[in-house]
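A short write-up of the structure that comes next.
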Amino acid sequence: MSKLPIVTLQGSAWDRGQTHGQHLAPQVAANIAIYRDRMRQDAGLSDAQIAHRCQFYLDVFTELDPDYRAAMDGIAAGSGQSLQDIAMLNARFELLYSAWSEAGAARDVDECTAFGIRRTLSSDNAVRIGQNWDWFPGINGALLMWADDDLTTVAYTEAGVAGAKIGLNSAGIGLCVNGLSSNLDDWERGGVPYHLRTSRILGSRSLNEAIGHASVDPPACSANYLIGSSTGEIVDIESSPAGANRLTADDVRVMVHANHFVDPDALRITQRWNSSPITTFHRAQRLEKLMEAQHQVAHGDIEAALADHEGGILGLCRHPDAQKPPHLRTHTAFSAIIDLDALTMHYTQGPPCESGYERVGLAALARAHA
């Protein structure tokens with residue numbers, strides 16, 4: 001697989017958005033086409049419904065974070081796409097997940113396996129987090145880099161989405177994510193949208209600040225945030241419309257999270273499964289087993305685990321299931337291993353079994369683009 005484009009953002013929020021849109025214009029257009037097709041086909045939304053829900057979230061972004069809205073305006077201008085379509089990309093988490101739940105549509109929601117490794121288990125005394133991010137084939141991603149005063153961040157996003165979601169910053173804060181699903185998910189709840197929330201987490205200068213952004217204000221749709229810090233702490237926040245539940249790595253050697261609530265009773269929610277087979281439990285158990293089998297986990301052990309195919313279509317390294325219709329297929333679209341001490345991220349675009357990991361160093365990137 002080829003390297004991801006790295007887009008450096010500078011200036012005002014609108015300027016950053018325009019740079020994003022200009023550099024990734026073909027990718028933005030392709031993502032719009034894919035998501036509009038998904039919303040029509042497997043979420044069952046009409047064009048009128050899509051337009052109404054996009055406008056709803058455009059108003060939410062405008063009210064909650066004018067800078068985020070300005071970045072969306074810039075992306076629309078830079079890419080030559082409509083603001084409504086950019087709103088669709090930025091709210092696609094809420095729009096798709098709630099529509100799937102509403103329609104009871106058959107789809108594969110199992111879409112990520114994340115981990116956190118404490119110093120005591122790491123072979124080189126480093127704090128690492130990472131994940132396989134499993135999603136639709138064909139989605140175009142990029143790495144964004146930006147600086148806010150003394151804080152520099154590099155993170156993965158989908159082209160056209162102003163808010164990045166998997167990455168790290170120079171304060172030693174890193175983020176990995178999982179989609180979750182509950183009986184309370186409903187786009188009309190509003191709240192802080194997923195991609196705005198992940199951007200705020202990645203803009204945090206301390207672990208407590210990051211936890212706060214992950215936990216406050218119940219969201220419209222459930223999600224999981226695995227947050228690591230170079231202080232050595234790793235915290236997981238299971239978030240739902242009923243509230244947030246905090247899990248810590250204090251009593252485990254390795255923290256693993258997939259696409260199910262570890263403690264749904266704590267939030268009094270019911271998990272929804274509309275996919276078959278359900279892979280989330282297998283992936284979580286398999287990754288935990290592979291990590292725990294090592295006395296000390298080295299970087300190479302992590303790469304091997306994320307490329308593991310045990311269980312076939314249930315496996316950690318995922319490939320499109322030929323038995324499913326094309327629009328319901330998923331694969332590992334992005335894999336990341338983040339070292340919060342060295343401030344580096346190793347990544348693959350596409351399944352990790354198909355290519356070696358590329359290395360991105362935050363300090364080197366910042367110097368190169370200074």
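Lettering and numbering for the structure tokens are positional, with chains as A, B, ... in the shown order, residues counted from 1 in each chain, and ligands counted from 1 in the shown order.
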| 9 Å contact set for region 15-30 of chain A, only C-alpha atoms, chain neighbours under 5 positions out, as a VMD selection string | chain A and resid 5 7 to 10 35 68 70 to 81 86 89 138 to 142 144 146 158 to 162
Where does region 128-199 of chain A meet region 297-309 of chain A within 12 Å, residue by residue, with the nearest atom pair and distance in Å to one decimal for each, counting only C-alpha atoms, listed by chain and rising number, as a Markdown table?
```
| residue | atom | partner | partner_atom | distance |
| --- | --- | --- | --- | --- |
| A:Arg128 | CA | A:His299 | CA | 9.1 |
| A:Ile129 | CA | A:Ile302 | CA | 10.0 |
| A:Gly130 | CA | A:Ile302 | CA | 9.0 |
| A:Gln131 | CA | A:Leu306 | CA | 7.6 |
| A:Asn132 | CA | A:Leu306 | CA | 6.7 |
| A:Trp133 | CA | A:Leu306 | CA | 10.4 |
| A:Asp134 | CA | A:Leu306 | CA | 11.6 |
```
Identify, with DSSP run on backbone atoms, the residues in region 42-257 of chain A assigned to strand (DSSP E), and express the list as a PDB file with N, CA, C and O atoms, in the first residue's frame.
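This went into selection-v5.pdb:
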```pdb
ATOM      1  N   CYS A 112     -13.271  -2.078  14.706  1.00  0.00           N
ATOM      2  CA  CYS A 112     -11.986  -1.633  15.242  1.00  0.00           C
ATOM      3  C   CYS A 112     -11.559  -2.511  16.401  1.00  0.00           C
ATOM      4  O   CYS A 112     -12.397  -2.971  17.167  1.00  0.00           O
ATOM      5  N   THR A 113     -10.255  -2.693  16.553  1.00  0.00           N
ATOM      6  CA  THR A 113      -9.707  -3.358  17.721  1.00  0.00           C
ATOM      7  C   THR A 113      -8.543  -2.514  18.212  1.00  0.00           C
ATOM      8  O   THR A 113      -7.563  -2.325  17.495  1.00  0.00           O
ATOM      9  N   ALA A 114      -8.663  -1.982  19.437  1.00  0.00           N
ATOM     10  CA  ALA A 114      -7.665  -1.067  19.985  1.00  0.00           C
ATOM     11  C   ALA A 114      -6.973  -1.685  21.197  1.00  0.00           C
ATOM     12  O   ALA A 114      -7.500  -2.601  21.833  1.00  0.00           O
ATOM     13  N   PHE A 115      -5.803  -1.162  21.522  1.00  0.00           N
ATOM     14  CA  PHE A 115      -5.045  -1.689  22.659  1.00  0.00           C
ATOM     15  C   PHE A 115      -4.233  -0.581  23.316  1.00  0.00           C
ATOM     16  O   PHE A 115      -3.927   0.454  22.709  1.00  0.00           O
ATOM     17  N   GLY A 116      -3.872  -0.813  24.572  1.00  0.00           N
ATOM     18  CA  GLY A 116      -2.928   0.030  25.283  1.00  0.00           C
ATOM     19  C   GLY A 116      -1.980  -0.851  26.067  1.00  0.00           C
ATOM     20  O   GLY A 116      -2.407  -1.783  26.744  1.00  0.00           O
ATOM     21  N   ILE A 117      -0.676  -0.586  25.964  1.00  0.00           N
ATOM     22  CA  ILE A 117       0.349  -1.396  26.631  1.00  0.00           C
ATOM     23  C   ILE A 117       1.123  -0.519  27.604  1.00  0.00           C
ATOM     24  O   ILE A 117       1.727   0.482  27.207  1.00  0.00           O
ATOM     25  N   ARG A 128       2.608   2.428  24.797  1.00  0.00           N
ATOM     26  CA  ARG A 128       2.094   2.358  23.428  1.00  0.00           C
ATOM     27  C   ARG A 128       0.586   2.123  23.427  1.00  0.00           C
ATOM     28  O   ARG A 128       0.056   1.388  24.258  1.00  0.00           O
ATOM     29  N   ILE A 129      -0.073   2.755  22.476  1.00  0.00           N
ATOM     30  CA  ILE A 129      -1.460   2.459  22.160  1.00  0.00           C
ATOM     31  C   ILE A 129      -1.531   2.235  20.655  1.00  0.00           C
ATOM     32  O   ILE A 129      -0.595   2.564  19.915  1.00  0.00           O
ATOM     33  N   GLY A 130      -2.618   1.668  20.189  1.00  0.00           N
ATOM     34  CA  GLY A 130      -2.752   1.469  18.751  1.00  0.00           C
ATOM     35  C   GLY A 130      -4.028   0.736  18.416  1.00  0.00           C
ATOM     36  O   GLY A 130      -4.834   0.422  19.296  1.00  0.00           O
ATOM     37  N   GLN A 131      -4.182   0.448  17.151  1.00  0.00           N
ATOM     38  CA  GLN A 131      -5.395  -0.233  16.737  1.00  0.00           C
ATOM     39  C   GLN A 131      -5.369  -0.620  15.266  1.00  0.00           C
ATOM     40  O   GLN A 131      -4.581  -0.087  14.477  1.00  0.00           O
ATOM     41  N   ASN A 132      -6.277  -1.537  14.920  1.00  0.00           N
ATOM     42  CA  ASN A 132      -6.729  -1.730  13.548  1.00  0.00           C
ATOM     43  C   ASN A 132      -8.063  -1.021  13.423  1.00  0.00           C
ATOM     44  O   ASN A 132      -8.988  -1.274  14.207  1.00  0.00           O
ATOM     45  N   TRP A 133      -8.154  -0.116  12.460  1.00  0.00           N
ATOM     46  CA  TRP A 133      -9.401   0.609  12.191  1.00  0.00           C
ATOM     47  C   TRP A 133     -10.033  -0.036  10.963  1.00  0.00           C
ATOM     48  O   TRP A 133      -9.511   0.058   9.856  1.00  0.00           O
ATOM     49  N   ASP A 134     -11.138  -0.737  11.191  1.00  0.00           N
ATOM     50  CA  ASP A 134     -11.793  -1.503  10.128  1.00  0.00           C
ATOM     51  C   ASP A 134     -13.007  -0.732   9.620  1.00  0.00           C
ATOM     52  O   ASP A 134     -13.900  -0.375  10.404  1.00  0.00           O
ATOM     53  N   TRP A 135     -13.034  -0.535   8.301  1.00  0.00           N
ATOM     54  CA  TRP A 135     -14.106   0.292   7.748  1.00  0.00           C
ATOM     55  C   TRP A 135     -14.300  -0.048   6.270  1.00  0.00           C
ATOM     56  O   TRP A 135     -13.841  -1.067   5.797  1.00  0.00           O
ATOM     57  N   GLY A 141      -8.122   8.287   3.171  1.00  0.00           N
ATOM     58  CA  GLY A 141      -7.658   8.923   4.392  1.00  0.00           C
ATOM     59  C   GLY A 141      -6.420   9.754   4.169  1.00  0.00           C
ATOM     60  O   GLY A 141      -5.826   9.769   3.081  1.00  0.00           O
ATOM     61  N   ALA A 142      -6.013  10.465   5.220  1.00  0.00           N
ATOM     62  CA  ALA A 142      -4.805  11.285   5.181  1.00  0.00           C
ATOM     63  C   ALA A 142      -4.345  11.524   6.613  1.00  0.00           C
ATOM     64  O   ALA A 142      -5.102  11.325   7.570  1.00  0.00           O
ATOM     65  N   LEU A 143      -3.102  11.945   6.756  1.00  0.00           N
ATOM     66  CA  LEU A 143      -2.587  12.403   8.034  1.00  0.00           C
ATOM     67  C   LEU A 143      -2.583  13.922   8.023  1.00  0.00           C
ATOM     68  O   LEU A 143      -2.100  14.547   7.066  1.00  0.00           O
ATOM     69  N   LEU A 144      -3.143  14.520   9.053  1.00  0.00           N
ATOM     70  CA  LEU A 144      -3.127  15.968   9.208  1.00  0.00           C
ATOM     71  C   LEU A 144      -2.133  16.338  10.295  1.00  0.00           C
ATOM     72  O   LEU A 144      -2.048  15.664  11.319  1.00  0.00           O
ATOM     73  N   MET A 145      -1.403  17.421  10.084  1.00  0.00           N
ATOM     74  CA  MET A 145      -0.523  17.954  11.113  1.00  0.00           C
ATOM     75  C   MET A 145      -0.826  19.424  11.298  1.00  0.00           C
ATOM     76  O   MET A 145      -0.973  20.164  10.318  1.00  0.00           O
ATOM     77  N   TRP A 146      -0.946  19.844  12.562  1.00  0.00           N
ATOM     78  CA  TRP A 146      -1.216  21.247  12.833  1.00  0.00           C
ATOM     79  C   TRP A 146      -0.612  21.616  14.183  1.00  0.00           C
ATOM     80  O   TRP A 146      -0.308  20.757  14.998  1.00  0.00           O
ATOM     81  N   ALA A 147      -0.435  22.922  14.395  1.00  0.00           N
ATOM     82  CA  ALA A 147       0.107  23.418  15.656  1.00  0.00           C
ATOM     83  C   ALA A 147      -0.811  24.485  16.219  1.00  0.00           C
ATOM     84  O   ALA A 147      -1.304  25.354  15.489  1.00  0.00           O
ATOM     85  N   ASP A 148      -1.072  24.394  17.521  1.00  0.00           N
ATOM     86  CA  ASP A 148      -1.795  25.414  18.268  1.00  0.00           C
ATOM     87  C   ASP A 148      -0.882  25.878  19.383  1.00  0.00           C
ATOM     88  O   ASP A 148      -0.679  25.181  20.381  1.00  0.00           O
ATOM     89  N   LEU A 151       1.552  23.352  21.056  1.00  0.00           N
ATOM     90  CA  LEU A 151       1.103  21.968  20.911  1.00  0.00           C
ATOM     91  C   LEU A 151       1.007  21.595  19.428  1.00  0.00           C
ATOM     92  O   LEU A 151       0.292  22.232  18.659  1.00  0.00           O
ATOM     93  N   THR A 152       1.731  20.534  19.056  1.00  0.00           N
ATOM     94  CA  THR A 152       1.680  20.024  17.687  1.00  0.00           C
ATOM     95  C   THR A 152       1.008  18.661  17.688  1.00  0.00           C
ATOM     96  O   THR A 152       1.256  17.839  18.569  1.00  0.00           O
ATOM     97  N   THR A 153       0.167  18.426  16.698  1.00  0.00           N
ATOM     98  CA  THR A 153      -0.606  17.187  16.613  1.00  0.00           C
ATOM     99  C   THR A 153      -0.474  16.589  15.223  1.00  0.00           C
ATOM    100  O   THR A 153      -0.461  17.314  14.225  1.00  0.00           O
ATOM    101  N   VAL A 154      -0.379  15.276  15.157  1.00  0.00           N
ATOM    102  CA  VAL A 154      -0.468  14.560  13.895  1.00  0.00           C
ATOM    103  C   VAL A 154      -1.471  13.424  14.087  1.00  0.00           C
ATOM    104  O   VAL A 154      -1.416  12.704  15.089  1.00  0.00           O
ATOM    105  N   ALA A 155      -2.420  13.303  13.152  1.00  0.00           N
ATOM    106  CA  ALA A 155      -3.485  12.327  13.334  1.00  0.00           C
ATOM    107  C   ALA A 155      -4.121  11.961  12.012  1.00  0.00           C
ATOM    108  O   ALA A 155      -4.046  12.702  11.024  1.00  0.00           O
ATOM    109  N   TYR A 156      -4.771  10.813  12.027  1.00  0.00           N
ATOM    110  CA  TYR A 156      -5.447  10.292  10.844  1.00  0.00           C
ATOM    111  C   TYR A 156      -6.859  10.848  10.754  1.00  0.00           C
ATOM    112  O   TYR A 156      -7.560  10.981  11.761  1.00  0.00           O
ATOM    113  N   THR A 157      -7.279  11.164   9.535  1.00  0.00           N
ATOM    114  CA  THR A 157      -8.664  11.533   9.282  1.00  0.00           C
ATOM    115  C   THR A 157      -9.082  10.985   7.932  1.00  0.00           C
ATOM    116  O   THR A 157      -8.257  10.542   7.136  1.00  0.00           O
ATOM    117  N   GLU A 158     -10.377  10.997   7.695  1.00  0.00           N
ATOM    118  CA  GLU A 158     -10.899  10.715   6.367  1.00  0.00           C
ATOM    119  C   GLU A 158     -10.961  12.027   5.599  1.00  0.00           C
ATOM    120  O   GLU A 158     -11.328  13.069   6.167  1.00  0.00           O
ATOM    121  N   ILE A 166      -7.397   9.435  15.144  1.00  0.00           N
ATOM    122  CA  ILE A 166      -6.425   8.468  15.651  1.00  0.00           C
ATOM    123  C   ILE A 166      -5.057   9.114  15.526  1.00  0.00           C
ATOM    124  O   ILE A 166      -4.612   9.412  14.412  1.00  0.00           O
ATOM    125  N   GLY A 167      -4.385   9.374  16.650  1.00  0.00           N
ATOM    126  CA  GLY A 167      -3.094  10.029  16.541  1.00  0.00           C
ATOM    127  C   GLY A 167      -2.536  10.426  17.885  1.00  0.00           C
ATOM    128  O   GLY A 167      -2.884   9.862  18.918  1.00  0.00           O
ATOM    129  N   LEU A 168      -1.648  11.434  17.869  1.00  0.00           N
ATOM    130  CA  LEU A 168      -0.946  11.845  19.080  1.00  0.00           C
ATOM    131  C   LEU A 168      -0.550  13.303  18.979  1.00  0.00           C
ATOM    132  O   LEU A 168      -0.557  13.891  17.889  1.00  0.00           O
ATOM    133  N   ASN A 169      -0.211  13.877  20.139  1.00  0.00           N
ATOM    134  CA  ASN A 169       0.271  15.251  20.142  1.00  0.00           C
ATOM    135  C   ASN A 169       1.558  15.374  20.956  1.00  0.00           C
ATOM    136  O   ASN A 169       1.999  14.430  21.606  1.00  0.00           O
ATOM    137  N   ILE A 173      -0.128  12.923  24.488  1.00  0.00           N
ATOM    138  CA  ILE A 173      -1.483  12.380  24.547  1.00  0.00           C
ATOM    139  C   ILE A 173      -1.783  11.682  23.225  1.00  0.00           C
ATOM    140  O   ILE A 173      -1.555  12.233  22.149  1.00  0.00           O
ATOM    141  N   GLY A 174      -2.292  10.444  23.310  1.00  0.00           N
ATOM    142  CA  GLY A 174      -2.645   9.693  22.107  1.00  0.00           C
ATOM    143  C   GLY A 174      -4.064   9.169  22.201  1.00  0.00           C
ATOM    144  O   GLY A 174      -4.595   8.954  23.295  1.00  0.00           O
ATOM    145  N   LEU A 175      -4.675   8.951  21.038  1.00  0.00           N
ATOM    146  CA  LEU A 175      -6.078   8.518  20.991  1.00  0.00           C
ATOM    147  C   LEU A 175      -6.279   7.410  19.975  1.00  0.00           C
ATOM    148  O   LEU A 175      -5.788   7.494  18.840  1.00  0.00           O
ATOM    149  N   CYS A 176      -7.033   6.377  20.392  1.00  0.00           N
ATOM    150  CA  CYS A 176      -7.564   5.359  19.492  1.00  0.00           C
ATOM    151  C   CYS A 176      -9.065   5.243  19.766  1.00  0.00           C
ATOM    152  O   CYS A 176      -9.534   5.621  20.838  1.00  0.00           O
ATOM    153  N   VAL A 177      -9.814   4.700  18.815  1.00  0.00           N
ATOM    154  CA  VAL A 177     -11.276   4.774  18.906  1.00  0.00           C
ATOM    155  C   VAL A 177     -11.931   3.461  18.482  1.00  0.00           C
ATOM    156  O   VAL A 177     -11.354   2.665  17.738  1.00  0.00           O
ATOM    157  N   ASN A 178     -13.161   3.270  18.975  1.00  0.00           N
ATOM    158  CA  ASN A 178     -14.013   2.153  18.553  1.00  0.00           C
ATOM    159  C   ASN A 178     -15.450   2.637  18.426  1.00  0.00           C
ATOM    160  O   ASN A 178     -15.928   3.386  19.275  1.00  0.00           O
ATOM    161  N   GLY A 179     -16.143   2.171  17.403  1.00  0.00           N
ATOM    162  CA  GLY A 179     -17.570   2.411  17.323  1.00  0.00           C
ATOM    163  C   GLY A 179     -18.304   1.436  18.230  1.00  0.00           C
ATOM    164  O   GLY A 179     -17.923   0.275  18.353  1.00  0.00           O
ATOM    165  N   ALA A 223     -19.755   5.502  21.529  1.00  0.00           N
ATOM    166  CA  ALA A 223     -18.404   5.344  20.992  1.00  0.00           C
ATOM    167  C   ALA A 223     -17.446   5.069  22.142  1.00  0.00           C
ATOM    168  O   ALA A 223     -17.774   5.296  23.313  1.00  0.00           O
ATOM    169  N   ASN A 224     -16.266   4.587  21.795  1.00  0.00           N
ATOM    170  CA  ASN A 224     -15.243   4.283  22.792  1.00  0.00           C
ATOM    171  C   ASN A 224     -13.968   5.050  22.475  1.00  0.00           C
ATOM    172  O   ASN A 224     -13.563   5.166  21.310  1.00  0.00           O
ATOM    173  N   TYR A 225     -13.336   5.574  23.531  1.00  0.00           N
ATOM    174  CA  TYR A 225     -12.120   6.366  23.383  1.00  0.00           C
ATOM    175  C   TYR A 225     -11.036   5.773  24.273  1.00  0.00           C
ATOM    176  O   TYR A 225     -11.159   5.788  25.506  1.00  0.00           O
ATOM    177  N   LEU A 226      -9.996   5.227  23.675  1.00  0.00           N
ATOM    178  CA  LEU A 226      -8.855   4.692  24.406  1.00  0.00           C
ATOM    179  C   LEU A 226      -7.759   5.746  24.353  1.00  0.00           C
ATOM    180  O   LEU A 226      -7.253   6.078  23.279  1.00  0.00           O
ATOM    181  N   ILE A 227      -7.421   6.277  25.518  1.00  0.00           N
ATOM    182  CA  ILE A 227      -6.517   7.427  25.610  1.00  0.00           C
ATOM    183  C   ILE A 227      -5.271   7.035  26.390  1.00  0.00           C
ATOM    184  O   ILE A 227      -5.361   6.469  27.484  1.00  0.00           O
ATOM    185  N   GLY A 228      -4.125   7.337  25.831  1.00  0.00           N
ATOM    186  CA  GLY A 228      -2.867   7.070  26.506  1.00  0.00           C
ATOM    187  C   GLY A 228      -2.099   8.347  26.756  1.00  0.00           C
ATOM    188  O   GLY A 228      -2.319   9.371  26.092  1.00  0.00           O
ATOM    189  N   SER A 229      -1.182   8.299  27.727  1.00  0.00           N
ATOM    190  CA  SER A 229      -0.364   9.458  28.054  1.00  0.00           C
ATOM    191  C   SER A 229       1.076   9.027  28.290  1.00  0.00           C
ATOM    192  O   SER A 229       1.338   7.932  28.815  1.00  0.00           O
ATOM    193  N   ILE A 234      -3.048   4.833  31.009  1.00  0.00           N
ATOM    194  CA  ILE A 234      -3.922   4.489  29.886  1.00  0.00           C
ATOM    195  C   ILE A 234      -5.339   4.377  30.436  1.00  0.00           C
ATOM    196  O   ILE A 234      -5.579   3.676  31.422  1.00  0.00           O
ATOM    197  N   VAL A 235      -6.263   5.099  29.806  1.00  0.00           N
ATOM    198  CA  VAL A 235      -7.645   5.145  30.269  1.00  0.00           C
ATOM    199  C   VAL A 235      -8.565   4.893  29.086  1.00  0.00           C
ATOM    200  O   VAL A 235      -8.296   5.328  27.964  1.00  0.00           O
ATOM    201  N   ASP A 236      -9.659   4.182  29.336  1.00  0.00           N
ATOM    202  CA  ASP A 236     -10.652   3.909  28.301  1.00  0.00           C
ATOM    203  C   ASP A 236     -11.996   4.483  28.751  1.00  0.00           C
ATOM    204  O   ASP A 236     -12.419   4.274  29.886  1.00  0.00           O
ATOM    205  N   ILE A 237     -12.648   5.213  27.851  1.00  0.00           N
ATOM    206  CA  ILE A 237     -13.948   5.813  28.139  1.00  0.00           C
ATOM    207  C   ILE A 237     -14.995   5.207  27.225  1.00  0.00           C
ATOM    208  O   ILE A 237     -14.952   5.391  26.003  1.00  0.00           O
ATOM    209  N   GLU A 238     -15.939   4.453  27.806  1.00  0.00           N
ATOM    210  CA  GLU A 238     -17.088   3.955  27.070  1.00  0.00           C
ATOM    211  C   GLU A 238     -18.196   4.997  27.182  1.00  0.00           C
ATOM    212  O   GLU A 238     -18.680   5.294  28.280  1.00  0.00           O
ATOM    213  N   SER A 239     -18.578   5.564  26.053  1.00  0.00           N
ATOM    214  CA  SER A 239     -19.513   6.681  26.033  1.00  0.00           C
ATOM    215  C   SER A 239     -20.815   6.283  25.344  1.00  0.00           C
ATOM    216  O   SER A 239     -20.807   5.608  24.312  1.00  0.00           O
ATOM    217  N   SER A 240     -21.932   6.716  25.938  1.00  0.00           N
ATOM    218  CA  SER A 240     -23.248   6.434  25.361  1.00  0.00           C
ATOM    219  C   SER A 240     -24.180   7.587  25.693  1.00  0.00           C
ATOM    220  O   SER A 240     -23.844   8.447  26.520  1.00  0.00           O
ATOM    221  N   GLY A 243     -24.508   8.277  29.312  1.00  0.00           N
ATOM    222  CA  GLY A 243     -23.369   8.765  30.078  1.00  0.00           C
ATOM    223  C   GLY A 243     -22.104   8.031  29.701  1.00  0.00           C
ATOM    224  O   GLY A 243     -22.063   7.281  28.712  1.00  0.00           O
ATOM    225  N   ALA A 244     -21.057   8.243  30.489  1.00  0.00           N
ATOM    226  CA  ALA A 244     -19.745   7.664  30.195  1.00  0.00           C
ATOM    227  C   ALA A 244     -19.259   6.818  31.358  1.00  0.00           C
ATOM    228  O   ALA A 244     -19.515   7.129  32.520  1.00  0.00           O
ATOM    229  N   ASN A 245     -18.545   5.756  31.023  1.00  0.00           N
ATOM    230  CA  ASN A 245     -17.977   4.860  32.021  1.00  0.00           C
ATOM    231  C   ASN A 245     -16.473   4.779  31.795  1.00  0.00           C
ATOM    232  O   ASN A 245     -16.008   4.566  30.675  1.00  0.00           O
ATOM    233  N   ARG A 246     -15.714   4.967  32.878  1.00  0.00           N
ATOM    234  CA  ARG A 246     -14.248   5.002  32.783  1.00  0.00           C
ATOM    235  C   ARG A 246     -13.648   3.665  33.195  1.00  0.00           C
ATOM    236  O   ARG A 246     -13.939   3.146  34.274  1.00  0.00           O
ATOM    237  N   LEU A 247     -12.805   3.120  32.313  1.00  0.00           N
ATOM    238  CA  LEU A 247     -12.060   1.898  32.597  1.00  0.00           C
ATOM    239  C   LEU A 247     -10.575   2.255  32.643  1.00  0.00           C
ATOM    240  O   LEU A 247     -10.107   3.059  31.830  1.00  0.00           O
ATOM    241  N   THR A 248      -9.831   1.669  33.555  1.00  0.00           N
ATOM    242  CA  THR A 248      -8.408   1.964  33.642  1.00  0.00           C
ATOM    243  C   THR A 248      -7.594   0.691  33.465  1.00  0.00           C
ATOM    244  O   THR A 248      -8.096  -0.420  33.628  1.00  0.00           O
ATOM    245  N   VAL A 254      -2.523  -5.542  29.794  1.00  0.00           N
ATOM    246  CA  VAL A 254      -2.826  -4.978  28.489  1.00  0.00           C
ATOM    247  C   VAL A 254      -4.296  -4.569  28.478  1.00  0.00           C
ATOM    248  O   VAL A 254      -5.153  -5.332  28.915  1.00  0.00           O
ATOM    249  N   MET A 255      -4.578  -3.371  27.996  1.00  0.00           N
ATOM    250  CA  MET A 255      -5.962  -2.950  27.833  1.00  0.00           C
ATOM    251  C   MET A 255      -6.347  -3.162  26.373  1.00  0.00           C
ATOM    252  O   MET A 255      -5.655  -2.681  25.463  1.00  0.00           O
ATOM    253  N   VAL A 256      -7.440  -3.890  26.137  1.00  0.00           N
ATOM    254  CA  VAL A 256      -7.925  -4.154  24.786  1.00  0.00           C
ATOM    255  C   VAL A 256      -9.391  -3.759  24.718  1.00  0.00           C
ATOM    256  O   VAL A 256     -10.161  -4.034  25.653  1.00  0.00           O
ATOM    257  N   HIS A 257      -9.784  -3.138  23.628  1.00  0.00           N
ATOM    258  CA  HIS A 257     -11.191  -2.791  23.436  1.00  0.00           C
ATOM    259  C   HIS A 257     -11.563  -2.965  21.977  1.00  0.00           C
ATOM    260  O   HIS A 257     -10.817  -2.581  21.087  1.00  0.00           O
TER     261      HIS A 257
END
```
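Between CA of Pro264 (chain A) and CA of Ser181 (chain A) the interatomic distance comes to 10.6 Å.
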| field | Nearest to Pro66 (chain A) by atom-to-atom distance, counting only C-alpha atoms, from A:Leu196, A:Asp339, A:Leu290, A:Asp150 | value | A:Leu196
| request: Write down as JSON, numbers by chain the residues belonging to region 133-274 of chain A that are assigned helix (DSSP H, G or I) by DSSP computed on the backbone. | output: {"A": [187, 188, 189, 194, 195, 196, 197, 198, 199, 200, 201, 202, 207, 208, 209, 210, 211, 212, 213, 214, 215, 264, 265, 266, 267]}
| remark: Taken to one decimal, the CA of Met88 (chain A)-CA of Ile32 (chain A) distance is 7.8 Å
| query | From the list A:Ala126, A:Leu83, A:Leu316, A:Ala266, which residue is nearest Glu233 (chain A) when using only C-alpha atoms? | reply | A:Ala126
| request: Using only C-alpha atoms, determine which residues lie at most 8 Å from Cys54 (chain A), disregarding the query and same-chain residues fewer than 3 positions distant; provide the list as JSON, numbers by chain. | output: {"A": [50, 51, 57, 58, 84, 85, 87, 88, 91]}
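Put simply, CA of Thr332 (chain A) is 4.8 Å away from CA of Pro351 (chain A).
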